[in-house]
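The structure file model17.cif is reproduced below (mmCIF, C-alpha atoms, pLDDT in the B column; chains and numbers go by the auth columns).
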data_input
#
loop_
_atom_site.group_PDB
_atom_site.id
_atom_site.type_symbol
_atom_site.label_atom_id
_atom_site.label_comp_id
_atom_site.label_asym_id
_atom_site.label_seq_id
_atom_site.Cartn_x
_atom_site.Cartn_y
_atom_site.Cartn_z
_atom_site.B_iso_or_equiv
_atom_site.auth_seq_id
_atom_site.auth_asym_id
ATOM 1 C CA MET A 1 -82.856 -5.851 -38.580 89.00 1 A
ATOM 2 C CA LEU A 2 -82.789 -7.215 -35.020 96.00 2 A
ATOM 3 C CA GLU A 3 -80.150 -9.016 -32.985 96.00 3 A
ATOM 4 C CA TRP A 4 -81.189 -12.129 -31.059 97.00 4 A
ATOM 5 C CA GLY A 5 -78.609 -14.056 -29.082 95.00 5 A
ATOM 6 C CA GLY A 6 -75.756 -12.398 -30.932 95.00 6 A
ATOM 7 C CA HIS A 7 -77.275 -13.193 -34.346 97.00 7 A
ATOM 8 C CA ARG A 8 -78.347 -10.438 -36.736 98.00 8 A
ATOM 9 C CA LEU A 9 -81.724 -11.233 -38.329 98.00 9 A
ATOM 10 C CA LEU A 10 -83.530 -9.689 -41.309 98.00 10 A
ATOM 11 C CA PHE A 11 -87.245 -10.471 -41.604 98.00 11 A
ATOM 12 C CA VAL A 12 -88.770 -10.521 -45.084 98.00 12 A
ATOM 13 C CA MET A 13 -92.495 -10.401 -45.851 98.00 13 A
ATOM 14 C CA ALA A 14 -94.467 -9.931 -49.063 97.00 14 A
ATOM 15 C CA THR A 15 -97.270 -7.624 -47.942 96.00 15 A
ATOM 16 C CA ASP A 16 -98.411 -5.274 -45.216 96.00 16 A
ATOM 17 C CA GLN A 17 -101.675 -7.265 -45.114 96.00 17 A
ATOM 18 C CA GLU A 18 -99.797 -10.177 -43.519 96.00 18 A
ATOM 19 C CA TYR A 19 -97.980 -7.906 -41.037 97.00 19 A
ATOM 20 C CA GLN A 20 -100.606 -7.711 -38.315 97.00 20 A
ATOM 21 C CA SER A 21 -100.749 -6.904 -34.604 97.00 21 A
ATOM 22 C CA GLN A 22 -98.746 -9.792 -33.121 98.00 22 A
ATOM 23 C CA LEU A 23 -95.883 -9.523 -35.593 98.00 23 A
ATOM 24 C CA GLN A 24 -95.940 -5.732 -35.250 98.00 24 A
ATOM 25 C CA GLN A 25 -95.046 -6.176 -31.570 98.00 25 A
ATOM 26 C CA ARG A 26 -91.994 -8.293 -32.425 98.00 26 A
ATOM 27 C CA ILE A 27 -90.285 -7.392 -35.682 98.00 27 A
ATOM 28 C CA PRO A 28 -89.739 -4.650 -38.287 97.00 28 A
ATOM 29 C CA PRO A 29 -89.934 -6.535 -41.611 98.00 29 A
ATOM 30 C CA LEU A 30 -88.636 -5.718 -45.047 98.00 30 A
ATOM 31 C CA ILE A 31 -91.745 -5.693 -47.273 98.00 31 A
ATOM 32 C CA VAL A 32 -90.672 -6.877 -50.735 98.00 32 A
ATOM 33 C CA GLY A 33 -93.932 -7.271 -52.671 97.00 33 A
ATOM 34 C CA VAL A 34 -95.810 -10.225 -54.109 97.00 34 A
ATOM 35 C CA GLY A 35 -94.282 -12.898 -56.334 97.00 35 A
ATOM 36 C CA PRO A 36 -90.848 -14.291 -57.139 97.00 36 A
ATOM 37 C CA VAL A 37 -89.608 -11.308 -59.144 98.00 37 A
ATOM 38 C CA GLU A 38 -90.479 -8.699 -56.526 98.00 38 A
ATOM 39 C CA ALA A 39 -89.183 -10.897 -53.699 98.00 39 A
ATOM 40 C CA ALA A 40 -85.850 -11.500 -55.445 98.00 40 A
ATOM 41 C CA LEU A 41 -85.394 -7.839 -56.321 98.00 41 A
ATOM 42 C CA GLY A 42 -86.415 -6.559 -52.908 98.00 42 A
ATOM 43 C CA THR A 43 -84.317 -9.015 -50.918 98.00 43 A
ATOM 44 C CA ALA A 44 -81.214 -8.842 -53.100 98.00 44 A
ATOM 45 C CA SER A 45 -81.179 -5.054 -53.304 98.00 45 A
ATOM 46 C CA ALA A 46 -81.591 -4.754 -49.526 98.00 46 A
ATOM 47 C CA LEU A 47 -78.775 -7.207 -48.864 98.00 47 A
ATOM 48 C CA ALA A 48 -76.519 -5.484 -51.386 98.00 48 A
ATOM 49 C CA GLU A 49 -76.924 -2.155 -49.598 97.00 49 A
ATOM 50 C CA MET A 50 -76.157 -3.490 -46.109 97.00 50 A
ATOM 51 C CA PRO A 51 -72.564 -2.887 -44.976 94.00 51 A
ATOM 52 C CA ARG A 52 -73.072 -5.618 -42.349 96.00 52 A
ATOM 53 C CA LYS A 53 -75.065 -8.546 -43.666 97.00 53 A
ATOM 54 C CA PRO A 54 -77.509 -10.392 -41.436 98.00 54 A
ATOM 55 C CA ASP A 55 -76.576 -13.819 -40.143 98.00 55 A
ATOM 56 C CA LEU A 56 -80.061 -15.107 -40.954 98.00 56 A
ATOM 57 C CA VAL A 57 -82.916 -14.017 -43.216 98.00 57 A
ATOM 58 C CA VAL A 58 -86.346 -15.152 -42.033 98.00 58 A
ATOM 59 C CA SER A 59 -88.945 -15.269 -44.800 98.00 59 A
ATOM 60 C CA LEU A 60 -92.414 -15.376 -43.313 97.00 60 A
ATOM 61 C CA GLY A 61 -96.037 -14.997 -44.329 97.00 61 A
ATOM 62 C CA SER A 62 -99.005 -16.961 -45.569 96.00 62 A
ATOM 63 C CA ALA A 63 -99.157 -20.044 -47.772 95.00 63 A
ATOM 64 C CA GLY A 64 -101.710 -22.355 -49.320 94.00 64 A
ATOM 65 C CA SER A 65 -102.073 -26.068 -48.663 95.00 65 A
ATOM 66 C CA ALA A 66 -104.535 -28.745 -49.695 92.00 66 A
ATOM 67 C CA THR A 67 -103.362 -31.114 -46.936 93.00 67 A
ATOM 68 C CA LEU A 68 -102.336 -29.030 -43.911 94.00 68 A
ATOM 69 C CA GLU A 69 -104.839 -27.448 -41.547 94.00 69 A
ATOM 70 C CA GLN A 70 -105.628 -23.791 -42.100 92.00 70 A
ATOM 71 C CA GLY A 71 -104.132 -21.552 -39.429 93.00 71 A
ATOM 72 C CA THR A 72 -101.246 -23.919 -38.664 96.00 72 A
ATOM 73 C CA ILE A 73 -97.612 -22.788 -38.849 98.00 73 A
ATOM 74 C CA HIS A 74 -94.807 -24.711 -40.564 98.00 74 A
ATOM 75 C CA GLU A 75 -91.080 -24.265 -41.054 98.00 75 A
ATOM 76 C CA VAL A 76 -89.811 -24.811 -44.589 98.00 76 A
ATOM 77 C CA SER A 77 -87.593 -27.886 -44.873 98.00 77 A
ATOM 78 C CA ALA A 78 -87.210 -27.816 -48.668 98.00 78 A
ATOM 79 C CA VAL A 79 -88.265 -25.416 -51.409 98.00 79 A
ATOM 80 C CA GLY A 80 -88.723 -25.749 -55.174 97.00 80 A
ATOM 81 C CA TYR A 81 -89.502 -23.338 -58.015 97.00 81 A
ATOM 82 C CA ARG A 82 -92.596 -24.650 -59.785 96.00 82 A
ATOM 83 C CA ASP A 83 -92.449 -22.132 -62.648 95.00 83 A
ATOM 84 C CA MET A 84 -89.178 -23.542 -63.974 96.00 84 A
ATOM 85 C CA ASP A 85 -89.718 -26.097 -66.738 95.00 85 A
ATOM 86 C CA ALA A 86 -86.922 -26.585 -69.275 96.00 86 A
ATOM 87 C CA SER A 87 -87.863 -30.229 -69.806 96.00 87 A
ATOM 88 C CA PRO A 88 -88.023 -29.884 -73.641 96.00 88 A
ATOM 89 C CA LEU A 89 -84.240 -29.362 -73.429 95.00 89 A
ATOM 90 C CA GLY A 90 -83.781 -32.448 -71.268 95.00 90 A
ATOM 91 C CA PHE A 91 -83.690 -30.786 -67.851 95.00 91 A
ATOM 92 C CA GLU A 92 -85.640 -32.074 -64.869 94.00 92 A
ATOM 93 C CA VAL A 93 -88.822 -30.092 -64.233 94.00 93 A
ATOM 94 C CA GLY A 94 -88.099 -27.527 -61.523 94.00 94 A
ATOM 95 C CA ARG A 95 -84.357 -27.460 -62.186 94.00 95 A
ATOM 96 C CA THR A 96 -82.867 -24.229 -63.509 95.00 96 A
ATOM 97 C CA PRO A 97 -80.584 -24.988 -66.482 96.00 97 A
ATOM 98 C CA PHE A 98 -76.846 -24.625 -65.857 95.00 98 A
ATOM 99 C CA LEU A 99 -77.381 -23.821 -62.159 93.00 99 A
ATOM 100 C CA ASP A 100 -75.856 -26.259 -59.692 93.00 100 A
ATOM 101 C CA LEU A 101 -78.988 -26.706 -57.601 95.00 101 A
ATOM 102 C CA PRO A 102 -81.446 -29.597 -57.369 96.00 102 A
ATOM 103 C CA ALA A 103 -85.069 -29.112 -58.386 95.00 103 A
ATOM 104 C CA VAL A 104 -85.999 -29.121 -54.698 96.00 104 A
ATOM 105 C CA VAL A 105 -83.468 -27.410 -52.424 97.00 105 A
ATOM 106 C CA PRO A 106 -83.150 -28.723 -48.829 98.00 106 A
ATOM 107 C CA VAL A 107 -83.288 -26.018 -46.161 97.00 107 A
ATOM 108 C CA GLU A 108 -81.725 -26.218 -42.710 97.00 108 A
ATOM 109 C CA THR A 109 -84.440 -25.957 -40.073 97.00 109 A
ATOM 110 C CA ARG A 110 -83.923 -23.919 -36.912 96.00 110 A
ATOM 111 C CA VAL A 111 -87.180 -23.522 -34.987 97.00 111 A
ATOM 112 C CA PRO A 112 -87.866 -26.138 -32.297 94.00 112 A
ATOM 113 C CA GLY A 113 -91.443 -27.295 -31.910 95.00 113 A
ATOM 114 C CA VAL A 114 -92.638 -26.052 -35.291 97.00 114 A
ATOM 115 C CA PRO A 115 -93.628 -28.811 -37.767 97.00 115 A
ATOM 116 C CA LYS A 116 -91.606 -28.983 -40.968 98.00 116 A
ATOM 117 C CA ALA A 117 -93.018 -28.903 -44.512 98.00 117 A
ATOM 118 C CA ARG A 118 -91.872 -28.911 -48.136 98.00 118 A
ATOM 119 C CA LEU A 119 -92.798 -25.790 -50.084 98.00 119 A
ATOM 120 C CA SER A 120 -93.262 -24.897 -53.752 97.00 120 A
ATOM 121 C CA THR A 121 -92.815 -21.287 -54.927 98.00 121 A
ATOM 122 C CA GLY A 122 -94.358 -19.882 -58.096 97.00 122 A
ATOM 123 C CA ALA A 123 -95.933 -16.785 -59.602 96.00 123 A
ATOM 124 C CA ASN A 124 -99.520 -18.056 -59.437 93.00 124 A
ATOM 125 C CA VAL A 125 -102.105 -18.343 -56.681 90.00 125 A
ATOM 126 C CA VAL A 126 -102.853 -22.067 -56.396 90.00 126 A
ATOM 127 C CA SER A 127 -106.416 -23.109 -55.696 89.00 127 A
ATOM 128 C CA GLY A 128 -108.659 -26.150 -55.998 88.00 128 A
ATOM 129 C CA PRO A 129 -107.451 -28.630 -58.650 88.00 129 A
ATOM 130 C CA GLY A 130 -104.229 -26.646 -59.042 89.00 130 A
ATOM 131 C CA PHE A 131 -102.797 -28.440 -56.013 92.00 131 A
ATOM 132 C CA HIS A 132 -103.019 -31.858 -57.696 90.00 132 A
ATOM 133 C CA ASP A 133 -99.878 -31.445 -59.815 88.00 133 A
ATOM 134 C CA ILE A 134 -97.700 -29.956 -57.054 93.00 134 A
ATOM 135 C CA ASP A 135 -95.525 -32.315 -55.017 91.00 135 A
ATOM 136 C CA ALA A 136 -95.206 -30.167 -51.900 95.00 136 A
ATOM 137 C CA ASP A 137 -97.008 -29.569 -48.631 95.00 137 A
ATOM 138 C CA LEU A 138 -97.232 -25.788 -49.068 97.00 138 A
ATOM 139 C CA VAL A 139 -97.335 -23.254 -51.890 97.00 139 A
ATOM 140 C CA ASP A 140 -96.297 -19.625 -51.827 97.00 140 A
ATOM 141 C CA MET A 141 -94.994 -16.940 -54.169 96.00 141 A
ATOM 142 C CA GLU A 142 -91.752 -15.736 -52.558 98.00 142 A
ATOM 143 C CA SER A 143 -89.671 -18.245 -50.576 98.00 143 A
ATOM 144 C CA PHE A 144 -87.512 -19.669 -53.393 98.00 144 A
ATOM 145 C CA ALA A 145 -86.690 -16.146 -54.564 98.00 145 A
ATOM 146 C CA VAL A 146 -85.675 -15.064 -51.060 98.00 146 A
ATOM 147 C CA LEU A 147 -83.577 -18.224 -50.699 98.00 147 A
ATOM 148 C CA ARG A 148 -81.717 -17.499 -53.960 98.00 148 A
ATOM 149 C CA ALA A 149 -80.983 -13.939 -52.851 98.00 149 A
ATOM 150 C CA CYS A 150 -79.623 -15.320 -49.581 98.00 150 A
ATOM 151 C CA GLN A 151 -77.437 -17.793 -51.450 98.00 151 A
ATOM 152 C CA MET A 152 -76.057 -14.968 -53.600 97.00 152 A
ATOM 153 C CA PHE A 153 -74.865 -13.105 -50.515 97.00 153 A
ATOM 154 C CA GLY A 154 -73.866 -16.117 -48.414 97.00 154 A
ATOM 155 C CA VAL A 155 -76.587 -15.538 -45.808 98.00 155 A
ATOM 156 C CA ALA A 156 -78.517 -18.313 -44.030 98.00 156 A
ATOM 157 C CA PHE A 157 -82.238 -18.703 -44.778 98.00 157 A
ATOM 158 C CA CYS A 158 -85.212 -19.695 -42.636 98.00 158 A
ATOM 159 C CA GLY A 159 -88.776 -19.991 -43.951 98.00 159 A
ATOM 160 C CA LEU A 160 -91.902 -19.807 -41.797 98.00 160 A
ATOM 161 C CA ARG A 161 -95.365 -20.065 -43.322 98.00 161 A
ATOM 162 C CA GLY A 162 -98.886 -20.083 -41.955 97.00 162 A
ATOM 163 C CA VAL A 163 -101.630 -21.853 -43.905 95.00 163 A
ATOM 164 C CA SER A 164 -104.189 -19.248 -44.952 92.00 164 A
ATOM 165 C CA ASP A 165 -106.067 -21.130 -47.653 89.00 165 A
ATOM 166 C CA GLY A 166 -106.404 -24.362 -49.624 84.00 166 A
ATOM 167 C CA ALA A 167 -109.141 -26.294 -47.860 77.00 167 A
ATOM 168 C CA GLU A 168 -111.612 -24.932 -50.395 80.00 168 A
ATOM 169 C CA GLU A 169 -111.220 -23.271 -53.782 82.00 169 A
ATOM 170 C CA LEU A 170 -110.491 -19.556 -53.538 79.00 170 A
ATOM 171 C CA ARG A 171 -113.338 -17.401 -54.821 83.00 171 A
ATOM 172 C CA HIS A 172 -112.603 -13.951 -53.449 84.00 172 A
ATOM 173 C CA TYR A 173 -110.102 -11.947 -51.402 88.00 173 A
ATOM 174 C CA ALA A 174 -111.675 -12.809 -48.041 87.00 174 A
ATOM 175 C CA ASP A 175 -111.013 -16.530 -48.570 84.00 175 A
ATOM 176 C CA TRP A 176 -107.338 -15.645 -48.081 86.00 176 A
ATOM 177 C CA ALA A 177 -107.597 -12.680 -45.729 86.00 177 A
ATOM 178 C CA ASP A 178 -109.920 -14.239 -43.144 90.00 178 A
ATOM 179 C CA TYR A 179 -107.142 -16.493 -41.807 91.00 179 A
ATOM 180 C CA LEU A 180 -104.449 -13.823 -41.672 95.00 180 A
ATOM 181 C CA PRO A 181 -105.026 -12.967 -37.968 96.00 181 A
ATOM 182 C CA ALA A 182 -104.525 -16.635 -37.045 95.00 182 A
ATOM 183 C CA VAL A 183 -101.435 -16.793 -39.248 97.00 183 A
ATOM 184 C CA ASP A 184 -100.115 -13.617 -37.606 97.00 184 A
ATOM 185 C CA ALA A 185 -100.525 -15.072 -34.115 97.00 185 A
ATOM 186 C CA GLY A 186 -98.949 -18.381 -35.092 98.00 186 A
ATOM 187 C CA LEU A 187 -95.974 -16.784 -36.816 98.00 187 A
ATOM 188 C CA ALA A 188 -95.409 -14.589 -33.767 98.00 188 A
ATOM 189 C CA ALA A 189 -95.276 -17.678 -31.547 98.00 189 A
ATOM 190 C CA ALA A 190 -92.830 -19.339 -33.965 98.00 190 A
ATOM 191 C CA LEU A 191 -90.594 -16.274 -33.835 98.00 191 A
ATOM 192 C CA ASP A 192 -90.662 -16.415 -30.033 98.00 192 A
ATOM 193 C CA ALA A 193 -89.440 -20.011 -30.279 97.00 193 A
ATOM 194 C CA LEU A 194 -86.709 -19.038 -32.722 98.00 194 A
ATOM 195 C CA LYS A 195 -85.592 -16.167 -30.480 97.00 195 A
ATOM 196 C CA SER A 196 -85.456 -18.428 -27.427 97.00 196 A
ATOM 197 C CA SER A 197 -83.451 -21.026 -29.335 96.00 197 A
ATOM 198 C CA LEU A 198 -80.907 -18.487 -30.584 96.00 198 A
ATOM 199 C CA GLU A 199 -80.523 -16.895 -27.163 96.00 199 A
ATOM 200 C CA ALA A 200 -80.021 -20.294 -25.524 92.00 200 A
ATOM 201 C CA ALA A 201 -77.357 -21.429 -27.987 78.00 201 A
#

Show me, as structure tokens, the structure contained in the file I just sent.
Amino acid sequence: MLEWGGHRLLFVMATDQEYQSQLQQRIPPLIVGVGPVEAALGTASALAEMPRKPDLVVSLGSAGSATLEQGTIHEVSAVGYRDMDASPLGFEVGRTPFLDLPAVVPVETRVPGVPKARLSTGANVVSGPGFHDIDADLVDMESFAVLRACQMFGVAFCGLRGVSDGAEELRHYADWADYLPAVDAGLAAALDALKSSLEAA
């Protein structure tokens, strides 16, 4: 955890593969693992053990997009959980039954100069035609889970994602990994903007 401008920040990432040289110079992240279950468990257990909670949790890493340019960085303005479908019981797709949250949860944005985007979280890697049925700009596997853990502990959430894939159908690991250095550099610049904003407030 770091303190910027009097604010305590916890940085959450899924994998060491996304934590490359530029981010290594700026932050010590909590690595929670891949997917909604691991992200929820890792974030919630870390927050539960902290005697002093952070003021802000920053979830950052890669994401897929069929519409946004690969290598670009975006701040999450809304996030949904695409795995949730209780529609046979009369619930809106994406809405968790008996939970007082909309199917797509608005997120307060905090990073000046970084374009905003709607994100969909789920437990699958989306590729090719899989984007067609998703009403969001970005897809990832962790942000909604991190947001829910933050809500449980009354901690603010910020999501930053770099587009690593989506322009073409994924066929092997390198189709994702090749853009990670660009994502690393872009996320580092976004964190610099966030730090400057918090210190100026």

Pull out every residue that the PyMOL selection byres ((chain A and resi 190-194) around 10) matches in the shown coordinates and put them as an MDAnalysis selection string. chainID A and resid 4 23 26:27 58 60 73:75 110:114 160:161 184:189 195:200

Residues of range 89-142 of chain A at most 10 Å from range 150-157 of chain A: nearest atom pair and distance in Å, only C-alpha atoms, as JSON lines:
{"residue": "A:Val107", "atom": "CA", "partner": "A:Phe157", "partner_atom": "CA", "distance": 7.5}
{"residue": "A:Glu108", "atom": "CA", "partner": "A:Phe157", "partner_atom": "CA", "distance": 7.8}
{"residue": "A:Thr109", "atom": "CA", "partner": "A:Phe157", "partner_atom": "CA", "distance": 8.9}
{"residue": "A:Arg110", "atom": "CA", "partner": "A:Phe157", "partner_atom": "CA", "distance": 9.6}

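Considering all atoms listed in the file, the residue among A:Asp133, A:Glu69, A:Asp16, A:Asp85 positioned nearest to Gly33 in chain A is A:Asp16.
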
message: For the PyMOL selection byres ((chain A and resi 125) around 12), applied here, can you spell out every residue it catches as a VMD selection string?
response: chain A and resid 34 to 36 62 to 65 82 to 83 120 to 124 126 to 131 138 to 142 164 to 166 169 to 173 176

TODO: Extract, using all atoms listed in the file, all DNA, RNA and protein residues at most 9 Å from Glu18 in chain A, discarding same-chain residues fewer than 4 positions from it, and format them as a list in words.
DONE: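 In the requested form, the answer reads Met13, Ala14, Leu23, Gly61, Ser62, Ala177, Leu180, Pro181, Val183 and Asp184 of chain A.
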
Using CA of Pro102 in chain A and CA of Val146 in chain A as the two end points, give the distance in Å to one decimal.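 According to the coordinates, CA of Pro102 in chain A and CA of Val146 in chain A are separated by 16.4 Å.
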
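On the file presented, the PyMOL selection byres ((chain A and resi 43-54) around 7) picks out Arg8, Leu9, Leu10, Val32, Ala39, Ala40, Leu41, Gly42, Asp55, Leu56, Val57, Val146, Ala149 and Val155 of chain A.
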
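Of note, CA of Glu92 in chain A and CA of Val79 in chain A are spaced 15.2 Å apart.
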
Notebook entry, point to check: Pick from A:Tyr81, A:Gln25, A:Leu2, A:Thr67: nearest to Leu101 in chain A, with all atoms listed in the file counted?
Noted result: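 Distance minimum relative to Leu101 in chain A lands on A:Tyr81.
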
> Do you have the CA of Ala182 in chain A-CA of Val12 in chain A distance handy?
Replying inline: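 Between these atoms lies a distance of 18.7 Å.
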